[in-house]
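Listing of upload.pdb, PDB, C-alpha atoms
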```pdb
MODEL        1
ATOM      1  CA  MET A   6      57.968 -44.797  -9.652
ATOM      2  CA  ASN A   7      60.209 -41.919  -8.576
ATOM      3  CA  LYS A   8      58.987 -39.761  -5.728
ATOM      4  CA  ILE A   9      57.646 -36.416  -6.909
ATOM      5  CA  LYS A  10      59.693 -33.507  -5.558
ATOM      6  CA  LEU A  11      59.132 -29.799  -5.222
ATOM      7  CA  VAL A  12      61.385 -29.159  -8.223
ATOM      8  CA  ASP A  13      59.065 -31.317 -10.368
ATOM      9  CA  VAL A  14      56.088 -29.161  -9.385
ATOM     10  CA  ALA A  15      58.061 -26.007 -10.177
ATOM     11  CA  HIS A  16      59.034 -27.349 -13.610
ATOM     12  CA  ALA A  17      55.457 -28.409 -14.437
ATOM     13  CA  ALA A  18      54.043 -25.051 -13.331
ATOM     14  CA  GLY A  19      56.758 -23.018 -15.042
ATOM     15  CA  VAL A  20      57.798 -21.224 -11.873
ATOM     16  CA  SER A  21      60.764 -21.261  -9.505
ATOM     17  CA  LYS A  22      61.165 -23.593  -6.524
ATOM     18  CA  SER A  23      60.931 -20.603  -4.183
ATOM     19  CA  THR A  24      57.555 -19.631  -5.678
ATOM     20  CA  VAL A  25      56.197 -23.144  -5.062
ATOM     21  CA  SER A  26      57.590 -22.977  -1.521
ATOM     22  CA  GLN A  27      55.819 -19.669  -0.924
ATOM     23  CA  PHE A  28      52.592 -21.204  -2.225
ATOM     24  CA  LEU A  29      52.896 -24.208   0.107
ATOM     25  CA  ASN A  30      53.515 -21.900   3.065
ATOM     26  CA  GLY A  31      50.464 -19.776   2.317
ATOM     27  CA  ARG A  32      52.378 -16.650   1.326
ATOM     28  CA  PHE A  33      50.315 -15.299  -1.570
ATOM     29  CA  ASN A  34      50.917 -11.544  -1.155
ATOM     30  CA  TYR A  35      52.808 -11.070  -4.426
ATOM     31  CA  MET A  36      51.476 -14.075  -6.328
ATOM     32  CA  SER A  37      49.065 -13.703  -9.242
ATOM     33  CA  GLU A  38      45.925 -15.804  -9.513
ATOM     34  CA  ASP A  39      47.335 -17.341 -12.705
ATOM     35  CA  THR A  40      50.496 -18.468 -10.903
ATOM     36  CA  LYS A  41      48.494 -19.965  -8.040
ATOM     37  CA  ALA A  42      46.238 -21.794 -10.492
ATOM     38  CA  ARG A  43      49.224 -23.277 -12.373
ATOM     39  CA  ILE A  44      50.843 -24.480  -9.158
ATOM     40  CA  GLU A  45      47.569 -26.003  -7.932
ATOM     41  CA  GLN A  46      47.141 -27.783 -11.278
ATOM     42  CA  ALA A  47      50.723 -29.120 -11.200
ATOM     43  CA  ILE A  48      50.302 -30.404  -7.632
ATOM     44  CA  SER A  49      47.064 -32.131  -8.600
ATOM     45  CA  GLN A  50      48.399 -33.689 -11.805
ATOM     46  CA  LEU A  51      51.591 -34.943 -10.157
ATOM     47  CA  ASN A  52      49.853 -36.036  -6.925
ATOM     48  CA  TYR A  53      52.516 -34.142  -5.033
ATOM     49  CA  VAL A  54      52.418 -34.449  -1.214
ATOM     50  CA  PRO A  55      54.659 -31.923   0.598
ATOM     51  CA  ASN A  56      57.040 -33.374   3.164
ATOM     52  CA  SER A  57      56.035 -31.258   6.148
ATOM     53  CA  ILE A  58      58.639 -32.819   8.441
ATOM     54  CA  ALA A  59      61.484 -32.049   6.067
ATOM     55  CA  ARG A  60      60.162 -28.541   5.506
ATOM     56  CA  SER A  61      59.928 -27.864   9.251
ATOM     57  CA  LEU A  62      63.494 -29.070   9.817
ATOM     58  CA  LYS A  63      64.753 -26.812   7.046
ATOM     59  CA  THR A  64      62.807 -23.711   8.064
ATOM     60  CA  ASP A  65      62.575 -24.387  11.825
ATOM     61  CA  LYS A  66      58.830 -23.751  11.427
ATOM     62  CA  THR A  67      56.045 -26.337  11.622
ATOM     63  CA  ARG A  68      53.188 -23.904  10.850
ATOM     64  CA  ILE A  69      51.334 -25.626  13.682
ATOM     65  CA  ILE A  70      49.761 -23.738  16.581
ATOM     66  CA  GLY A  71      48.920 -25.456  19.857
ATOM     67  CA  VAL A  72      45.671 -24.605  21.649
ATOM     68  CA  ILE A  73      45.013 -25.515  25.294
ATOM     69  CA  VAL A  74      41.471 -25.162  26.656
ATOM     70  CA  ARG A  75      39.714 -26.228  29.844
ATOM     71  CA  ASP A  76      36.488 -27.629  28.388
ATOM     72  CA  ILE A  77      36.397 -28.294  24.663
ATOM     73  CA  ALA A  78      32.675 -29.159  24.814
ATOM     74  CA  GLY A  79      31.668 -25.732  26.120
ATOM     75  CA  SER A  80      29.780 -23.465  23.730
ATOM     76  CA  TYR A  81      32.142 -20.515  24.350
ATOM     77  CA  THR A  82      35.226 -22.659  23.804
ATOM     78  CA  SER A  83      33.951 -24.347  20.655
ATOM     79  CA  ARG A  84      33.090 -20.984  19.077
ATOM     80  CA  ALA A  85      36.481 -19.551  20.057
ATOM     81  CA  ILE A  86      38.288 -22.537  18.527
ATOM     82  CA  ARG A  87      36.279 -22.091  15.335
ATOM     83  CA  GLY A  88      37.456 -18.477  15.171
ATOM     84  CA  MET A  89      41.069 -19.567  15.636
ATOM     85  CA  ASP A  90      40.811 -22.327  13.057
ATOM     86  CA  ASP A  91      39.249 -20.075  10.421
ATOM     87  CA  TYR A  92      41.994 -17.468  10.798
ATOM     88  CA  CYS A  93      44.786 -20.045  10.882
ATOM     89  CA  LYS A  94      43.546 -21.826   7.757
ATOM     90  CA  LYS A  95      43.540 -18.561   5.829
ATOM     91  CA  ASN A  96      47.143 -17.995   6.855
ATOM     92  CA  GLY A  97      48.531 -21.471   6.255
ATOM     93  CA  TYR A  98      48.578 -22.745   9.853
ATOM     94  CA  ASN A  99      47.054 -25.837  11.470
ATOM     95  CA  LEU A 100      45.874 -26.369  15.048
ATOM     96  CA  ILE A 101      46.593 -29.045  17.634
ATOM     97  CA  ILE A 102      44.052 -28.865  20.470
ATOM     98  CA  TYR A 103      44.489 -30.128  24.039
ATOM     99  CA  ASN A 104      41.629 -30.330  26.565
ATOM    100  CA  THR A 105      42.574 -30.160  30.272
ATOM    101  CA  ASP A 106      39.215 -30.623  32.051
ATOM    102  CA  PHE A 107      40.236 -27.799  34.423
ATOM    103  CA  ASP A 108      43.220 -29.879  35.625
ATOM    104  CA  ALA A 109      46.535 -28.036  36.114
ATOM    105  CA  ALA A 110      48.605 -31.220  35.757
ATOM    106  CA  SER A 111      46.962 -31.936  32.397
ATOM    107  CA  GLU A 112      47.724 -28.368  31.369
ATOM    108  CA  ALA A 113      51.412 -28.838  32.245
ATOM    109  CA  THR A 114      51.507 -32.071  30.230
ATOM    110  CA  ALA A 115      49.915 -30.297  27.266
ATOM    111  CA  LEU A 116      52.415 -27.439  27.422
ATOM    112  CA  THR A 117      55.335 -29.867  27.508
ATOM    113  CA  SER A 118      53.924 -31.998  24.684
ATOM    114  CA  LEU A 119      53.361 -28.992  22.439
ATOM    115  CA  THR A 120      56.924 -27.766  22.895
ATOM    116  CA  GLN A 121      58.211 -31.260  22.089
ATOM    117  CA  LEU A 122      56.086 -31.203  18.933
ATOM    118  CA  ARG A 123      57.864 -27.939  18.020
ATOM    119  CA  VAL A 124      54.688 -25.914  17.546
ATOM    120  CA  ASP A 125      55.318 -22.359  16.394
ATOM    121  CA  GLY A 126      53.162 -20.829  19.140
ATOM    122  CA  ILE A 127      50.534 -21.569  21.783
ATOM    123  CA  ILE A 128      47.076 -20.154  22.564
ATOM    124  CA  ILE A 129      45.836 -20.979  26.067
ATOM    125  CA  VAL A 130      43.134 -20.399  28.677
ATOM    126  CA  PRO A 131      45.530 -20.478  31.656
ATOM    127  CA  SER A 132      44.859 -22.177  34.987
ATOM    128  CA  GLY A 133      47.377 -19.907  36.684
ATOM    129  CA  MET A 134      49.144 -22.933  38.168
ATOM    130  CA  ASN A 135      51.772 -23.224  35.425
ATOM    131  CA  SER A 136      52.875 -19.607  35.049
ATOM    132  CA  LEU A 137      56.571 -20.458  35.439
ATOM    133  CA  LEU A 138      56.360 -23.137  32.738
ATOM    134  CA  VAL A 139      54.598 -20.708  30.386
ATOM    135  CA  ALA A 140      57.281 -18.093  31.090
ATOM    136  CA  GLU A 141      60.007 -20.635  30.281
ATOM    137  CA  ILE A 142      58.328 -21.487  26.974
ATOM    138  CA  VAL A 143      58.112 -17.803  26.021
ATOM    139  CA  GLU A 144      61.738 -17.275  27.062
ATOM    140  CA  LYS A 145      62.788 -20.056  24.672
ATOM    141  CA  GLY A 146      61.194 -18.208  21.763
ATOM    142  CA  CYS A 147      57.729 -19.770  21.521
ATOM    143  CA  PRO A 148      55.125 -16.973  21.738
ATOM    144  CA  VAL A 149      52.042 -17.520  23.901
ATOM    145  CA  VAL A 150      48.664 -15.779  23.657
ATOM    146  CA  GLN A 151      46.076 -16.116  26.424
ATOM    147  CA  PHE A 152      42.339 -15.666  26.105
ATOM    148  CA  GLN A 153      39.198 -15.672  28.276
ATOM    149  CA  LEU A 154      40.931 -15.608  31.701
ATOM    150  CA  GLU A 155      43.520 -13.206  33.099
ATOM    151  CA  ARG A 156      45.393 -13.696  36.368
ATOM    152  CA  ASP A 157      46.819 -10.845  38.433
ATOM    153  CA  ASP A 158      50.416 -11.728  37.542
ATOM    154  CA  ASP A 159      49.886 -12.335  33.817
ATOM    155  CA  ALA A 160      52.213 -10.449  31.485
ATOM    156  CA  ASN A 161      51.579 -12.299  28.227
ATOM    157  CA  ASN A 162      49.674 -11.295  25.119
ATOM    158  CA  ILE A 163      45.988 -11.641  25.915
ATOM    159  CA  ILE A 164      42.540 -11.267  24.307
ATOM    160  CA  LEU A 165      39.599 -10.646  26.646
ATOM    161  CA  SER A 166      36.009  -9.554  26.715
ATOM    162  CA  ASP A 167      35.499  -6.144  28.312
ATOM    163  CA  TYR A 168      34.239  -7.750  31.511
ATOM    164  CA  LYS A 169      34.113  -4.590  33.601
ATOM    165  CA  GLN A 170      32.003  -2.630  31.131
ATOM    166  CA  GLY A 171      29.764  -5.637  30.485
ATOM    167  CA  ALA A 172      29.063  -6.053  34.212
ATOM    168  CA  TYR A 173      28.544  -2.310  34.606
ATOM    169  CA  ASP A 174      25.982  -2.219  31.793
ATOM    170  CA  ALA A 175      24.125  -5.248  33.184
ATOM    171  CA  THR A 176      23.967  -3.849  36.716
ATOM    172  CA  GLU A 177      22.859  -0.437  35.487
ATOM    173  CA  TYR A 178      20.150  -2.103  33.389
ATOM    174  CA  LEU A 179      18.761  -3.783  36.517
ATOM    175  CA  ILE A 180      18.974  -0.539  38.495
ATOM    176  CA  ARG A 181      17.021   1.291  35.785
ATOM    177  CA  LEU A 182      14.335  -1.388  36.115
ATOM    178  CA  GLY A 183      14.020  -0.403  39.774
ATOM    179  CA  HIS A 184      16.166  -3.079  41.400
ATOM    180  CA  ARG A 185      18.198  -2.020  44.422
ATOM    181  CA  ARG A 186      19.076  -5.404  45.917
ATOM    182  CA  ILE A 187      21.027  -7.163  43.187
ATOM    183  CA  CYS A 188      22.704 -10.426  44.177
ATOM    184  CA  PHE A 189      26.122 -10.938  42.554
ATOM    185  CA  LEU A 190      26.723 -14.704  42.078
ATOM    186  CA  THR A 191      30.378 -15.424  41.379
ATOM    187  CA  GLN A 192      33.356 -17.703  41.738
ATOM    188  CA  GLU A 193      36.126 -16.614  44.101
ATOM    189  CA  PHE A 194      37.883 -13.787  42.287
ATOM    190  CA  SER A 195      40.696 -12.454  44.478
ATOM    191  CA  LYS A 196      43.475 -13.759  42.169
ATOM    192  CA  VAL A 197      41.615 -13.813  38.851
ATOM    193  CA  LYS A 198      41.652 -10.384  37.260
ATOM    194  CA  SER A 199      38.962 -11.143  34.668
ATOM    195  CA  ARG A 200      36.511 -12.194  37.424
ATOM    196  CA  LYS A 201      37.539  -9.259  39.587
ATOM    197  CA  GLU A 202      36.745  -6.873  36.734
ATOM    198  CA  ARG A 203      33.160  -8.130  36.640
ATOM    199  CA  PHE A 204      32.878  -7.345  40.343
ATOM    200  CA  GLN A 205      34.417  -3.909  39.784
ATOM    201  CA  GLY A 206      31.864  -3.193  37.063
ATOM    202  CA  TYR A 207      29.032  -4.233  39.384
ATOM    203  CA  VAL A 208      30.319  -2.014  42.209
ATOM    204  CA  ALA A 209      30.940   0.925  39.860
ATOM    205  CA  ALA A 210      27.334   0.823  38.644
ATOM    206  CA  LEU A 211      26.029   0.715  42.225
ATOM    207  CA  ASN A 212      28.203   3.704  43.153
ATOM    208  CA  ALA A 213      27.160   5.643  40.051
ATOM    209  CA  HIS A 214      23.545   5.375  41.194
ATOM    210  CA  GLY A 215      24.168   6.113  44.859
ATOM    211  CA  LEU A 216      23.738   2.541  46.085
ATOM    212  CA  GLU A 217      25.922   1.064  48.804
ATOM    213  CA  LEU A 218      27.559  -2.326  48.397
ATOM    214  CA  ASP A 219      25.914  -4.957  50.631
ATOM    215  CA  SER A 220      28.372  -7.799  51.274
ATOM    216  CA  SER A 221      25.504 -10.225  51.951
ATOM    217  CA  LEU A 222      24.563  -9.894  48.279
ATOM    218  CA  ILE A 223      27.954 -11.247  47.157
ATOM    219  CA  GLN A 224      27.375 -15.005  46.946
ATOM    220  CA  TYR A 225      29.911 -17.634  45.918
ATOM    221  CA  TRP A 226      29.674 -20.687  43.680
ATOM    222  CA  HIS A 227      32.235 -23.499  43.384
ATOM    223  CA  ARG A 228      32.692 -25.754  40.387
ATOM    224  CA  HIS A 229      32.605 -29.004  42.374
ATOM    225  CA  ARG A 230      30.156 -28.178  45.175
ATOM    226  CA  GLY A 231      27.893 -25.437  43.867
ATOM    227  CA  PHE A 232      26.578 -22.488  45.896
ATOM    228  CA  ASP A 233      27.682 -21.701  49.451
ATOM    229  CA  ASN A 234      24.094 -20.645  50.140
ATOM    230  CA  ALA A 235      21.141 -22.050  48.210
ATOM    231  CA  PRO A 236      19.429 -19.396  46.056
ATOM    232  CA  ALA A 237      16.026 -20.440  47.448
ATOM    233  CA  GLU A 238      17.263 -19.712  50.980
ATOM    234  CA  LEU A 239      18.508 -16.281  49.931
ATOM    235  CA  LEU A 240      15.107 -15.458  48.494
ATOM    236  CA  ALA A 241      13.329 -16.679  51.645
ATOM    237  CA  ALA A 242      15.410 -14.458  53.942
ATOM    238  CA  ASP A 243      14.388 -11.052  55.279
ATOM    239  CA  ASN A 244      14.971  -8.274  52.741
ATOM    240  CA  PRO A 245      15.834 -10.681  49.887
ATOM    241  CA  PRO A 246      17.414  -9.743  46.558
ATOM    242  CA  THR A 247      15.007  -8.849  43.768
ATOM    243  CA  ALA A 248      17.499  -9.708  41.024
ATOM    244  CA  MET A 249      20.331 -12.215  40.589
ATOM    245  CA  PHE A 250      23.289 -11.472  38.339
ATOM    246  CA  THR A 251      25.395 -14.560  37.539
ATOM    247  CA  GLN A 252      28.996 -14.247  36.368
ATOM    248  CA  HIS A 253      29.293 -17.103  33.865
ATOM    249  CA  LEU A 254      27.333 -19.835  32.117
ATOM    250  CA  ALA A 255      27.934 -22.648  34.630
ATOM    251  CA  ILE A 256      26.613 -20.479  37.479
ATOM    252  CA  THR A 257      23.582 -19.427  35.431
ATOM    253  CA  SER A 258      22.796 -23.037  34.545
ATOM    254  CA  GLN A 259      22.861 -24.214  38.163
ATOM    255  CA  LEU A 260      20.870 -21.197  39.318
ATOM    256  CA  LEU A 261      18.114 -21.910  36.793
ATOM    257  CA  THR A 262      18.049 -25.574  37.833
ATOM    258  CA  GLU A 263      17.730 -24.760  41.540
ATOM    259  CA  LEU A 264      15.102 -22.064  41.017
ATOM    260  CA  ASN A 265      13.053 -24.485  38.937
ATOM    261  CA  GLN A 266      13.355 -27.227  41.578
ATOM    262  CA  ALA A 267      12.156 -24.772  44.242
ATOM    263  CA  ASN A 268       9.212 -23.642  42.046
ATOM    264  CA  ILE A 269      10.534 -20.084  42.009
ATOM    265  CA  CYS A 270       9.251 -18.218  38.957
ATOM    266  CA  ILE A 271      11.345 -15.945  36.749
ATOM    267  CA  PRO A 272      10.834 -12.964  36.628
ATOM    268  CA  ASP A 273       7.775 -12.870  38.937
ATOM    269  CA  ASP A 274       9.665 -14.020  42.046
ATOM    270  CA  VAL A 275      13.143 -12.872  41.045
ATOM    271  CA  SER A 276      14.783 -11.341  37.987
ATOM    272  CA  VAL A 277      17.772 -13.182  36.497
ATOM    273  CA  LEU A 278      20.564 -11.793  34.314
ATOM    274  CA  GLY A 279      23.516 -13.911  33.222
ATOM    275  CA  PHE A 280      27.023 -13.118  32.023
ATOM    276  CA  ASP A 281      27.503 -15.409  28.977
ATOM    277  CA  GLU A 282      25.012 -16.491  26.367
ATOM    278  CA  LEU A 283      22.980 -19.617  27.097
ATOM    279  CA  PRO A 284      22.780 -22.260  24.350
ATOM    280  CA  MET A 285      19.262 -22.181  22.872
ATOM    281  CA  ALA A 286      18.323 -19.342  25.260
ATOM    282  CA  ASP A 287      15.328 -18.353  23.133
ATOM    283  CA  LEU A 288      13.812 -21.823  23.583
ATOM    284  CA  LEU A 289      13.558 -21.564  27.374
ATOM    285  CA  LYS A 290      10.121 -21.002  28.898
ATOM    286  CA  VAL A 291      11.421 -17.622  30.027
ATOM    287  CA  PRO A 292      14.265 -16.480  27.732
ATOM    288  CA  ILE A 293      17.141 -15.168  29.855
ATOM    289  CA  THR A 294      18.625 -11.685  29.515
ATOM    290  CA  VAL A 295      22.398 -11.977  29.160
ATOM    291  CA  VAL A 296      25.662 -10.148  28.687
ATOM    292  CA  LYS A 297      26.752 -11.714  25.411
ATOM    293  CA  GLN A 298      30.433 -12.210  24.694
ATOM    294  CA  LYS A 299      31.907 -12.699  21.228
ATOM    295  CA  PRO A 300      33.883 -15.968  21.466
ATOM    296  CA  TYR A 301      34.333 -16.382  17.703
ATOM    297  CA  GLU A 302      35.854 -12.908  17.440
ATOM    298  CA  ILE A 303      38.018 -13.535  20.523
ATOM    299  CA  GLY A 304      39.310 -16.776  19.004
ATOM    300  CA  ASN A 305      39.936 -15.071  15.680
ATOM    301  CA  GLU A 306      41.784 -12.193  17.339
ATOM    302  CA  SER A 307      43.835 -14.635  19.447
ATOM    303  CA  ALA A 308      45.093 -16.402  16.322
ATOM    304  CA  LYS A 309      45.672 -13.077  14.579
ATOM    305  CA  LEU A 310      47.748 -11.777  17.491
ATOM    306  CA  LEU A 311      49.808 -14.968  17.752
ATOM    307  CA  ILE A 312      50.600 -15.021  14.033
ATOM    308  CA  HIS A 313      51.524 -11.324  14.246
ATOM    309  CA  GLN A 314      53.978 -12.220  17.011
ATOM    310  CA  LEU A 315      55.390 -15.069  14.913
ATOM    311  CA  GLU A 316      55.903 -12.837  11.910
ATOM    312  CA  ASN A 317      57.210  -9.897  13.956
ATOM    313  CA  PRO A 318      59.556 -11.326  16.610
ATOM    314  CA  GLY A 319      60.162  -8.981  19.513
ATOM    315  CA  SER A 320      56.834  -7.179  19.128
ATOM    316  CA  ALA A 321      55.455  -5.631  22.317
ATOM    317  CA  ASN A 322      52.866  -7.628  24.232
ATOM    318  CA  GLN A 323      49.269  -6.582  23.664
ATOM    319  CA  ARG A 324      46.122  -6.654  25.810
ATOM    320  CA  ILE A 325      43.107  -6.477  23.508
ATOM    321  CA  MET A 326      39.560  -5.946  24.795
ATOM    322  CA  VAL A 327      36.504  -7.099  22.848
ATOM    323  CA  PRO A 328      33.215  -5.358  23.799
ATOM    324  CA  CYS A 329      30.221  -7.296  25.107
ATOM    325  CA  THR A 330      26.545  -6.764  24.247
ATOM    326  CA  LEU A 331      23.542  -6.725  26.585
ATOM    327  CA  VAL A 332      20.789  -8.897  25.081
ATOM    328  CA  GLU A 333      17.402  -8.041  26.614
ATOM    329  CA  ARG A 334      14.905 -10.893  26.872
ATOM    330  CA  ASP A 335      12.152 -11.713  29.371
ATOM    331  CA  SER A 336      13.881 -12.666  32.625
ATOM    332  CA  CYS A 337      14.087  -9.191  34.204
ATOM    333  CA  LYS A 338      11.013  -7.245  35.282
ATOM    334  CA  HIS A 339      10.414  -3.620  36.197
ATOM    335  CA  ILE A 340       9.639  -3.141  39.888
TER     336      ILE A 340
ENDMDL
END
```
Hey, can you dump this file as structure tokens for me?
Amino acid sequence: MNKIKLVDVAHAAGVSKSTVSQFLNGRFNYMSEDTKARIEQAISQLNYVPNSIARSLKTDKTRIIGVIVRDIAGSYTSRAIRGMDDYCKKNGYNLIIYNTDFDAASEATALTSLTQLRVDGIIIVPSGMNSLLVAEIVEKGCPVVQFQLERDDDANNIILSDYKQGAYDATEYLIRLGHRRICFLTQEFSKVKSRKERFQGYVAALNAHGLELDSSLIQYWHRHRGFDNAPAELLAADNPPTAMFTQHLAITSQLLTELNQANICIPDDVSVLGFDELPMADLLKVPITVVKQKPYEIGNESAKLLIHQLENPGSANQRIMVPCTLVERDSCKHI
């Protein structure tokens, strides 16, 4: 049996080869529903399978987008990827996803592999350790869009939550409840702009309400060893914090675990507010008040921006901010 070709589909559908090609590439702007239906019927009847390799060699486009994330199992990441995938599907693109487990060497391998696979563009949560490699990829004509994290030296297209405003709103909320000693639990942020902006929002809210920054209330958490100072010890000290404001989900999760192990009650002993939604937050004994990000929208906007760059080469880089929402639950009390 002879192999079915694009020209056979065009003949069966009564359209030109270029129209079938536009259909296969997801370009429907000037195509009637009747034309699309006839092409779909012809493809089905002929069992036509497009040769994507041949098409990519001819057009120099694979219609594949590479995505590099640090933890594919995380709730934020999975929602962001869903947003990317939904937008890409609607626009005729497919995703290849790499998970790095927070490892810079794995990230470098992923970047190299994706360029060898000739992806059209890359969406990445950057470690900051491969900035030169990313710059080389962009220089060679492969656009890159970052999301979630921003480093001080980043100059790429990027989609972020409005971290500063989100932290400001959360801190002000606690201040309006009467809290004056608000512990800011964070990762080291000197070189990570998106973490620094949370701190700036916290400080701005304190200043707006006439409160001085107390450096003893800035407490650090590390991914592999946890808190520098145990939360229970902070609460047992003289003049302890009355509220704890965590800067992302992993910090919130460990804080809740340690408070529970120390039999410290929320919000009776300390109020807790987290940056990032907790999975199944409403099912906790005390539902946690959070600054809620919009990962699906961020993923969707990341794909939208990358495809815009692909279709408009030379477009100016963009930095797009997505607002956060304060979700009030039961973990913060008035004092």
Around (30.3, -24.3, 39.9) in the file's own coordinates, what residues are found within 8 Å if you use only C-alpha atoms, given back as a compact mmCIF listing (two decimals) with C-alpha atoms, keeping the file's coordinate frame?
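Now in point.txt:
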```
# COMPACT_ATOMS: atom_id res chain seq x y z
CA GLN A 192 33.36 -17.70 41.74
CA TRP A 226 29.67 -20.69 43.68
CA HIS A 227 32.24 -23.50 43.38
CA ARG A 228 32.69 -25.75 40.39
CA HIS A 229 32.60 -29.00 42.37
CA ARG A 230 30.16 -28.18 45.18
CA GLY A 231 27.89 -25.44 43.87
CA PHE A 232 26.58 -22.49 45.90
CA ALA A 255 27.93 -22.65 34.63
CA ILE A 256 26.61 -20.48 37.48
CA GLN A 259 22.86 -24.21 38.16
```
Work out how far atom CA of A:Lys299 is from atom CA of A:Met249, in Å to one decimal.
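A separation of 22.6 Å between them.
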Counting only C-alpha atoms, figure out which residue out of A:Asn265, A:Thr67, A:Ser136, A:Ser320 gets nearest to A:Leu100.
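For A:Leu100, the nearest of the candidates is A:Thr67.
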Using only C-alpha atoms, determine which residues lie at most 7 Å from stretch 120-130 of chain A, disregarding the query and same-chain residues fewer than 5 positions distant; provide the list as JSON, numbers by chain.
{"A": [66, 67, 68, 69, 70, 71, 72, 73, 74, 75, 147, 148, 149, 150, 151, 152, 153, 154, 311]}
Writer output for current selection, C-alpha atoms, as an mmCIF file, in the frame of the given file:
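Written output follows (again.cif):
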```
data_model
loop_
_atom_site.group_PDB
_atom_site.id
_atom_site.type_symbol
_atom_site.label_atom_id
_atom_site.label_comp_id
_atom_site.auth_asym_id
_atom_site.auth_seq_id
_atom_site.Cartn_x
_atom_site.Cartn_y
_atom_site.Cartn_z
ATOM 1 C CA LYS A 66 58.830 -23.751 11.427
ATOM 2 C CA THR A 67 56.045 -26.337 11.622
ATOM 3 C CA ARG A 68 53.188 -23.904 10.850
ATOM 4 C CA ILE A 69 51.334 -25.626 13.682
ATOM 5 C CA ILE A 70 49.761 -23.738 16.581
ATOM 6 C CA GLY A 71 48.920 -25.456 19.857
ATOM 7 C CA VAL A 72 45.671 -24.605 21.649
ATOM 8 C CA ILE A 73 45.013 -25.515 25.294
ATOM 9 C CA VAL A 74 41.471 -25.162 26.656
ATOM 10 C CA ARG A 75 39.714 -26.228 29.844
ATOM 11 C CA CYS A 147 57.729 -19.770 21.521
ATOM 12 C CA PRO A 148 55.125 -16.973 21.738
ATOM 13 C CA VAL A 149 52.042 -17.520 23.901
ATOM 14 C CA VAL A 150 48.664 -15.779 23.657
ATOM 15 C CA GLN A 151 46.076 -16.116 26.424
ATOM 16 C CA PHE A 152 42.339 -15.666 26.105
ATOM 17 C CA GLN A 153 39.198 -15.672 28.276
ATOM 18 C CA LEU A 154 40.931 -15.608 31.701
ATOM 19 C CA LEU A 311 49.808 -14.968 17.752
#
```
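Contact shell of A:Asp90 at 9 Å (only C-alpha atoms; same-chain neighbours under 2 positions omitted): A:Ala85, A:Ile86, A:Arg87, A:Gly88, A:Tyr92, A:Cys93, A:Lys94, A:Lys95, A:Tyr98, A:Asn99, A:Leu100, A:Gly304, A:Asn305, A:Ala308.
Around A:Ala15, within 8 Å and counting all atoms listed in the file, the residues found are Ser21, Lys22, Thr24, Val25 and Ile44 of chain A, once anything fewer than 6 positions away on its own chain is removed.
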Expected selection from the PyMOL selection byres ((chain A and resi 177) around 12), given as a PyMOL selection string:
chain A and resi 170-176+178-185+187+206-216+250+278+331
Using the selection just defined, write its residues with C-alpha atoms as a CSV table (one decimal), in the frame of the given file.
```
chain,number,residue,atom,x,y,z
A,170,GLN,CA,32.0,-2.6,31.1
A,171,GLY,CA,29.8,-5.6,30.5
A,172,ALA,CA,29.1,-6.1,34.2
A,173,TYR,CA,28.5,-2.3,34.6
A,174,ASP,CA,26.0,-2.2,31.8
A,175,ALA,CA,24.1,-5.2,33.2
A,176,THR,CA,24.0,-3.8,36.7
A,178,TYR,CA,20.2,-2.1,33.4
A,179,LEU,CA,18.8,-3.8,36.5
A,180,ILE,CA,19.0,-0.5,38.5
A,181,ARG,CA,17.0,1.3,35.8
A,182,LEU,CA,14.3,-1.4,36.1
A,183,GLY,CA,14.0,-0.4,39.8
A,184,HIS,CA,16.2,-3.1,41.4
A,185,ARG,CA,18.2,-2.0,44.4
A,187,ILE,CA,21.0,-7.2,43.2
A,206,GLY,CA,31.9,-3.2,37.1
A,207,TYR,CA,29.0,-4.2,39.4
A,208,VAL,CA,30.3,-2.0,42.2
A,209,ALA,CA,30.9,0.9,39.9
A,210,ALA,CA,27.3,0.8,38.6
A,211,LEU,CA,26.0,0.7,42.2
A,212,ASN,CA,28.2,3.7,43.2
A,213,ALA,CA,27.2,5.6,40.1
A,214,HIS,CA,23.5,5.4,41.2
A,215,GLY,CA,24.2,6.1,44.9
A,216,LEU,CA,23.7,2.5,46.1
A,250,PHE,CA,23.3,-11.5,38.3
A,278,LEU,CA,20.6,-11.8,34.3
A,331,LEU,CA,23.5,-6.7,26.6
```
May I ask which of the residues A:Gly146, A:Pro284, A:Gly19, A:Gly279 is the closest one to A:Leu315, counting all atoms listed in the file?
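Under the stated criterion, the closest residue is A:Gly146.
Between atom CA of A:Leu260 and atom CA of A:Pro236 the interatomic distance comes to 7.1 Å.
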